[in-house]
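Reviewing the structure listed below.
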Amino acid sequence: MTITTITAFPRSVKEIENLWIPLSDGTKLAARMWIPEDAEENPVPALLEYLPYRKRDGTHVRDALTHPYFAGHGYAAIRVDMRGNGDSDGLMADEYALQEQNDALEVIAWLAAQPWCNGKVGMFGISWGGFNALQVAALKPPALKAIVTICSTDDRYEDDVHYKGGTVINEMLGWAATMLAYSSRPPDPLIVGERWREMWMERLENEPFLIIPWLSHPHRDDYWKHGSVCENFAAVEAPTLVVGGWNDAYSNAVPRLMKGLRTTRKAIIGPWAHKYPHFAVPEPRIGFLQECLRWWDQWLKGTSTGISRDPDYRYYVMEPWKPGSFPERINGRWIGDSFWGFGHIDTKKWWLNATGIGPTAGAETPLSICSKQTTGADGGEYCIIWLGPEFPGDQAKDDADSITFETPYLLNDIDIVGQPAIDLEFSVDRPVAHIAVRLNDVWPTGEVSRITYHLQNLCMRDSRENPMPLEPGKHYRMKIKLDDIAWRVPKGHRLRVSISTSYFPMMWPAPEPVTLTVYAGKSQLHLPLRKDVAGEAPLSWQGPEAAAPAETTEIKPAWNKRETTTDPETGEMRIEIVDDFGEQELHPHGLVIGGRGRETYSIMPDDPLSARMETHWTEMRRRGDWHIRTETFGRLTATERHWIVWGRIEAYEGEKKVFEKEFNEEIPRLLQ
């Protein structure tokens, strides 16, 4: 759906390209603000988006669509660079650090005290900004009256880019490498003046490689509990609009937040990947900014907007799409419900039998698999951000190296709405074992779409905090909850449960090849099916609106690729991913930006210790004679007992290398 560009607003807007927000320790944070021209005479609420991603260039294009729109409807919209990022002073040591949250408290208090502010503040953001909106709300700053959190999580260990089900996911190095590249960029001399180079060198010298602390905390300890609002949901008192996408990595957090929060809360879940819903992909998009205004007007202006009459959950039931292609639009329908997982939902229990999925238990039958380490090549990316070839491919090849259970052809359409689960009775032959469990949609033509999945470190069958090694040959039973989903399976399709001991490159392999035995006739599938509701009409939305796009000039177009090759002699699988973001000139300040991210994965089919991931990022900034480039590199390998982490930063002025730094760490591998 085309975004409608709005240029005439109820209130005239002015932009302040940079203002400084002072902190108590002398640090100054750089902010960009859009505000009604008459706000000094008619004060307005403030809306804060607080990020490390650089207002000057990193989110420049995105911000132009959103912040002026809010300002034109009577808000001061402020995009603040965190300490140590963009044009702000200081250094950043880690994500979601206590310093970051304390700085946010000072920023909110400063905003509320300005003469153009009515003393009320809202906070919003996607991903990092959605995370810290929740985290800061839990600290109860008096002026913070409402938040909108998008594509975020309540549990930093369970649902983020580090671990999934206690397994190490390769997104951990992927995101650490991304932040190494992002944070290596200098501040803009036009903002900070002649001290830009001193600031840049200090940042480079102190730049953390975040995979090192992440791997150093392999279990759910206090490091992860910090910033996880699930530790005390009641601490969040600000009314909360929770937004997610079924093709985003954090969709599970939406039902958990809705169940756990004690404040007023509503949820919207679309078919989207990791994007704002007014310009999201896959379509359909919605009038998300209008929905935000309803939220802000209710809680920051005291205007009755009818949000109390909205269903608690507004979500999109997706129709299946053929795997192996980028789905620009996913067909489906919008539904409103008061509850998640019950109400209109019946959870059916089916048995995983040697003969297939059935309504009654069959004979107990041991089924064993030792998947090739290359199983998982079609798993796609854990978190779909760049919108290239990141969606999961046809699962047929991975299923061929898995234990599978299948239904007959469906006689009627079914809507899977909720969190499917597998009660798995199993044994393994090694003390450390990981599995990937998928619920798949098998087309009559043979293609296999992944509906939902989960990865599980079986050493964490009882606890994420205190895992225990497995006893080879011993029978265990574990309920494995798959990711929440809303998916229609048409009649004539079949459902398939697939279980493998590898899922590379998404999941790092266990130290040794593992043979898993699943006991068919003892294991079960719990499937949440939504009943047809008589007279129910699909929900509708206003069309997407946004402010005028940023003015840019394309210098080089963006492109991407994902290529999988197999060595015909050794069987080594190699996956190469390139995301080239092209080059653009940003108006009116004339900064030219460009970047390229590269990830390479390789593994031998029978040797988990051959697993290797490498990254290489290039970031470029130039204006006139000022030309800055950074090259950052990362690599992860492992032995049976240690993770081996290597990284490197190189910084250039023109073609002259002005800085270099290496990271070399050997980190204990504890039941991973």
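Convention: chains lettered A, B, ... in structure tokens order; per-chain residue numbering from 1; ligands numbered from 1 as shown.
Once Ala267 (chain A) and its same-chain neighbours fewer than 5 positions away are set aside, Leu241, Val242, Val243, Val254, Met258, Asp312, Tyr313, Arg314 and Tyr315 of chain A remain within 8 Å of it when counting only C-alpha atoms.
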Return as number ranges by chain the full set of residues in region 191-236 of chain A whose backbone-based DSSP assignment is helix (DSSP H, G or I).
A: 191-206, 211-215, 222-225, 229-235
Please provide as number ranges by chain all residues within 12 Å of region 351-354 of chain A, with the sequence filter that same-chain residues fewer than 6 positions apart are discarded (counting only C-alpha atoms).
A: 360-368, 403-407, 421-425, 495-499, 518-527
Report as number ranges by chain: the residues of region 166-373 of chain A with a DSSP assignment of strand (DSSP E), based on the backbone of this structure.
A: 167-168, 240-245, 265-270, 313-318, 332-337, 345-353, 356-358, 365-369
Suppose we keep N, CA and C atoms; can you now write the selection as a short mmCIF file (atom, residue, chain, number, x, y, z; two decimals), in the first residue's frame?
```cif
data_model
loop_
_atom_site.label_atom_id
_atom_site.label_comp_id
_atom_site.auth_asym_id
_atom_site.auth_seq_id
_atom_site.Cartn_x
_atom_site.Cartn_y
_atom_site.Cartn_z
N THR A 167 20.53 -21.88 23.03
CA THR A 167 21.54 -22.13 22.00
C THR A 167 22.19 -20.80 21.60
N VAL A 168 23.44 -20.87 21.18
CA VAL A 168 24.10 -19.69 20.62
C VAL A 168 23.63 -19.53 19.18
N THR A 240 1.04 1.18 27.77
CA THR A 240 2.00 0.64 26.81
C THR A 240 1.29 0.07 25.59
N LEU A 241 1.65 0.59 24.42
CA LEU A 241 1.21 0.01 23.15
C LEU A 241 2.34 -0.88 22.66
N VAL A 242 2.04 -2.18 22.53
CA VAL A 242 3.04 -3.19 22.18
C VAL A 242 2.81 -3.59 20.73
N VAL A 243 3.86 -3.48 19.90
CA VAL A 243 3.71 -3.70 18.46
C VAL A 243 4.77 -4.69 18.00
N GLY A 244 4.38 -5.62 17.16
CA GLY A 244 5.34 -6.59 16.63
C GLY A 244 4.94 -7.08 15.26
N GLY A 245 5.76 -7.98 14.71
CA GLY A 245 5.51 -8.57 13.40
C GLY A 245 5.79 -10.06 13.42
N ARG A 265 -2.61 -1.76 28.48
CA ARG A 265 -1.79 -2.14 27.35
C ARG A 265 -2.66 -2.68 26.23
N LYS A 266 -2.19 -2.48 25.01
CA LYS A 266 -2.83 -2.99 23.80
C LYS A 266 -1.75 -3.53 22.88
N ALA A 267 -2.13 -4.44 21.97
CA ALA A 267 -1.16 -5.08 21.09
C ALA A 267 -1.61 -5.01 19.64
N ILE A 268 -0.63 -4.80 18.76
CA ILE A 268 -0.82 -4.87 17.31
C ILE A 268 0.28 -5.77 16.76
N ILE A 269 -0.11 -6.81 16.01
CA ILE A 269 0.87 -7.71 15.41
C ILE A 269 0.51 -7.90 13.94
N GLY A 270 1.40 -7.45 13.06
CA GLY A 270 1.18 -7.58 11.63
C GLY A 270 2.06 -8.65 11.02
N TYR A 313 -5.98 -7.39 21.46
CA TYR A 313 -5.08 -7.89 20.42
C TYR A 313 -5.69 -7.60 19.06
N ARG A 314 -4.94 -6.89 18.23
CA ARG A 314 -5.29 -6.75 16.82
C ARG A 314 -4.15 -7.39 16.04
N TYR A 315 -4.45 -8.46 15.33
CA TYR A 315 -3.38 -9.22 14.70
C TYR A 315 -3.80 -9.72 13.32
N TYR A 316 -2.80 -10.07 12.54
CA TYR A 316 -2.98 -10.46 11.14
C TYR A 316 -2.79 -11.96 11.03
N VAL A 317 -3.79 -12.65 10.49
CA VAL A 317 -3.68 -14.08 10.20
C VAL A 317 -3.16 -14.21 8.78
N MET A 318 -1.94 -14.74 8.66
CA MET A 318 -1.28 -14.80 7.36
C MET A 318 -1.74 -16.01 6.55
N GLY A 332 -3.94 -12.13 3.78
CA GLY A 332 -4.46 -12.54 5.07
C GLY A 332 -5.58 -11.63 5.50
N ARG A 333 -5.88 -11.65 6.81
CA ARG A 333 -6.96 -10.81 7.32
C ARG A 333 -6.63 -10.38 8.75
N TRP A 334 -7.13 -9.20 9.10
CA TRP A 334 -6.96 -8.65 10.45
C TRP A 334 -8.10 -9.10 11.35
N ILE A 335 -7.75 -9.46 12.58
CA ILE A 335 -8.72 -9.96 13.56
C ILE A 335 -8.51 -9.22 14.87
N GLY A 336 -9.56 -9.05 15.63
CA GLY A 336 -9.47 -8.50 16.97
C GLY A 336 -9.91 -9.52 18.00
N ASP A 337 -9.14 -9.71 19.06
CA ASP A 337 -9.47 -10.65 20.13
C ASP A 337 -9.16 -10.02 21.48
N ILE A 345 -9.88 -19.76 21.03
CA ILE A 345 -8.85 -20.73 20.68
C ILE A 345 -9.11 -22.06 21.38
N ASP A 346 -9.06 -23.14 20.63
CA ASP A 346 -9.05 -24.49 21.18
C ASP A 346 -7.67 -25.09 20.91
N THR A 347 -7.01 -25.57 21.94
CA THR A 347 -5.72 -26.22 21.75
C THR A 347 -5.94 -27.72 21.60
N LYS A 348 -5.61 -28.23 20.42
CA LYS A 348 -5.79 -29.65 20.11
C LYS A 348 -4.50 -30.40 20.41
N LYS A 349 -4.64 -31.57 20.99
CA LYS A 349 -3.49 -32.43 21.27
C LYS A 349 -3.49 -33.56 20.26
N TRP A 350 -2.42 -33.61 19.48
CA TRP A 350 -2.23 -34.68 18.51
C TRP A 350 -0.96 -35.44 18.85
N TRP A 351 -0.92 -36.70 18.45
CA TRP A 351 0.20 -37.57 18.79
C TRP A 351 1.17 -37.67 17.63
N LEU A 352 2.45 -37.65 17.98
CA LEU A 352 3.50 -37.84 16.97
C LEU A 352 3.81 -39.33 16.91
N ASN A 353 3.23 -40.00 15.94
CA ASN A 353 3.36 -41.44 15.81
C ASN A 353 4.31 -41.78 14.67
N GLY A 356 2.74 -41.11 11.50
CA GLY A 356 2.34 -39.73 11.21
C GLY A 356 1.67 -39.10 12.42
N ILE A 357 1.11 -37.92 12.21
CA ILE A 357 0.43 -37.18 13.28
C ILE A 357 -1.01 -37.66 13.34
N GLY A 358 -1.43 -38.12 14.51
CA GLY A 358 -2.77 -38.68 14.61
C GLY A 358 -3.47 -38.28 15.89
N THR A 365 7.71 -46.06 19.47
CA THR A 365 8.70 -46.40 18.44
C THR A 365 9.86 -45.43 18.51
N PRO A 366 11.09 -45.91 18.74
CA PRO A 366 12.23 -45.00 18.74
C PRO A 366 12.63 -44.62 17.30
N LEU A 367 12.77 -43.32 17.07
CA LEU A 367 13.20 -42.81 15.77
C LEU A 367 14.45 -41.97 16.00
N SER A 368 15.52 -42.27 15.29
CA SER A 368 16.79 -41.61 15.56
C SER A 368 17.29 -40.82 14.35
N ILE A 369 18.04 -39.77 14.64
CA ILE A 369 18.64 -38.93 13.60
C ILE A 369 19.94 -38.34 14.12
#
```
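Separating CA of Leu139 (chain A) from CA of Pro277 (chain A) is a distance of 27.4 Å.
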Skipping near chain neighbours, those fewer than 4 positions away, what residues fall within 10 Å of Ile191 (chain A) using only C-alpha atoms, listed as an MDAnalysis selection string?
chainID A and resid 17:19 30 56 86:88 187 195:196
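If you look at CA of Ile35 (chain A) and CA of Arg11 (chain A), they are 9.1 Å away from each other.
Nearest to Gly58 (chain A) of all the residues A:Ala181, A:Ile3, A:Ala548, A:Ala537 is A:Ala181, counting only C-alpha atoms.
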For Asp606 (chain A), the nearest of the candidates A:Thr374, A:Leu180, A:Pro142, A:Glu15, counting only C-alpha atoms
A:Thr374
Distance query Lys491 (chain A) at most 9 Å, only C-alpha atoms, self and fewer than 3 positions along chain excluded, as a PDB file with N, CA and C atoms, in the first residue's frame:
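See part.pdb below for the written result:
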```pdb
ATOM      1  N   TYR A 409      -3.625 -35.043   4.249  1.00  0.00           N
ATOM      2  CA  TYR A 409      -4.070 -33.803   3.625  1.00  0.00           C
ATOM      3  C   TYR A 409      -5.267 -33.251   4.397  1.00  0.00           C
ATOM      4  N   LEU A 410      -5.227 -31.952   4.696  1.00  0.00           N
ATOM      5  CA  LEU A 410      -6.310 -31.341   5.464  1.00  0.00           C
ATOM      6  C   LEU A 410      -7.581 -31.262   4.632  1.00  0.00           C
ATOM      7  N   LEU A 411      -8.693 -31.574   5.277  1.00  0.00           N
ATOM      8  CA  LEU A 411      -9.985 -31.524   4.602  1.00  0.00           C
ATOM      9  C   LEU A 411     -10.625 -30.149   4.692  1.00  0.00           C
ATOM     10  N   ASN A 412     -10.132 -29.322   5.639  1.00  0.00           N
ATOM     11  CA  ASN A 412     -10.671 -27.974   5.824  1.00  0.00           C
ATOM     12  C   ASN A 412      -9.523 -27.023   6.138  1.00  0.00           C
ATOM     13  N   ASP A 413      -9.766 -25.730   5.894  1.00  0.00           N
ATOM     14  CA  ASP A 413      -8.808 -24.718   6.326  1.00  0.00           C
ATOM     15  C   ASP A 413      -8.726 -24.714   7.847  1.00  0.00           C
ATOM     16  N   ILE A 414      -7.532 -24.460   8.374  1.00  0.00           N
ATOM     17  CA  ILE A 414      -7.386 -24.264   9.819  1.00  0.00           C
ATOM     18  C   ILE A 414      -6.564 -23.001  10.058  1.00  0.00           C
ATOM     19  N   ARG A 494      -0.690 -30.139   4.094  1.00  0.00           N
ATOM     20  CA  ARG A 494      -0.405 -31.004   5.236  1.00  0.00           C
ATOM     21  C   ARG A 494       0.451 -30.251   6.241  1.00  0.00           C
TER      22      ARG A 494
END
```
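For the residues A:Phe326, A:Ile603, A:His278, A:Asn466, ranking by smallest atom-to-atom distance to Thr566 (chain A) using only C-alpha atoms places A:Ile603 first.
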Spatial neighbours of Thr153 (chain A), 12 Å, only C-alpha atoms, chain gap at least 4 places, as a ChimeraX atom specification:
/A:126-135,149,157-161,224,227-230,242-244,248-258
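Taking CA of Ala71 (chain A) and CA of Arg54 (chain A) as endpoints, the distance between them is 20.1 Å.
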Just the residues within 12 Å of Asp25 (chain A), please, counting only C-alpha atoms, with nothing from its chain fewer than 4 positions along; format it as a ChimeraX atom specification.
/A:21,29,83,89-90,99,102-103,106
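The residue that comes closest to Pro513 (chain A), out of A:Cys370, A:Ile108, A:Leu23, A:Met33 and on the basis of only C-alpha atoms, is A:Cys370.
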From A:Phe581, A:Tyr182, A:Tyr652, A:Phe209, residue lying nearest Gly594 (chain A) [only C-alpha atoms]
A:Phe581
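Considering the residues A:Met620, A:Ile575, A:Met172, A:Ala611 and counting only C-alpha atoms, Val592 (chain A) has its shortest atom-to-atom contact with A:Met620.
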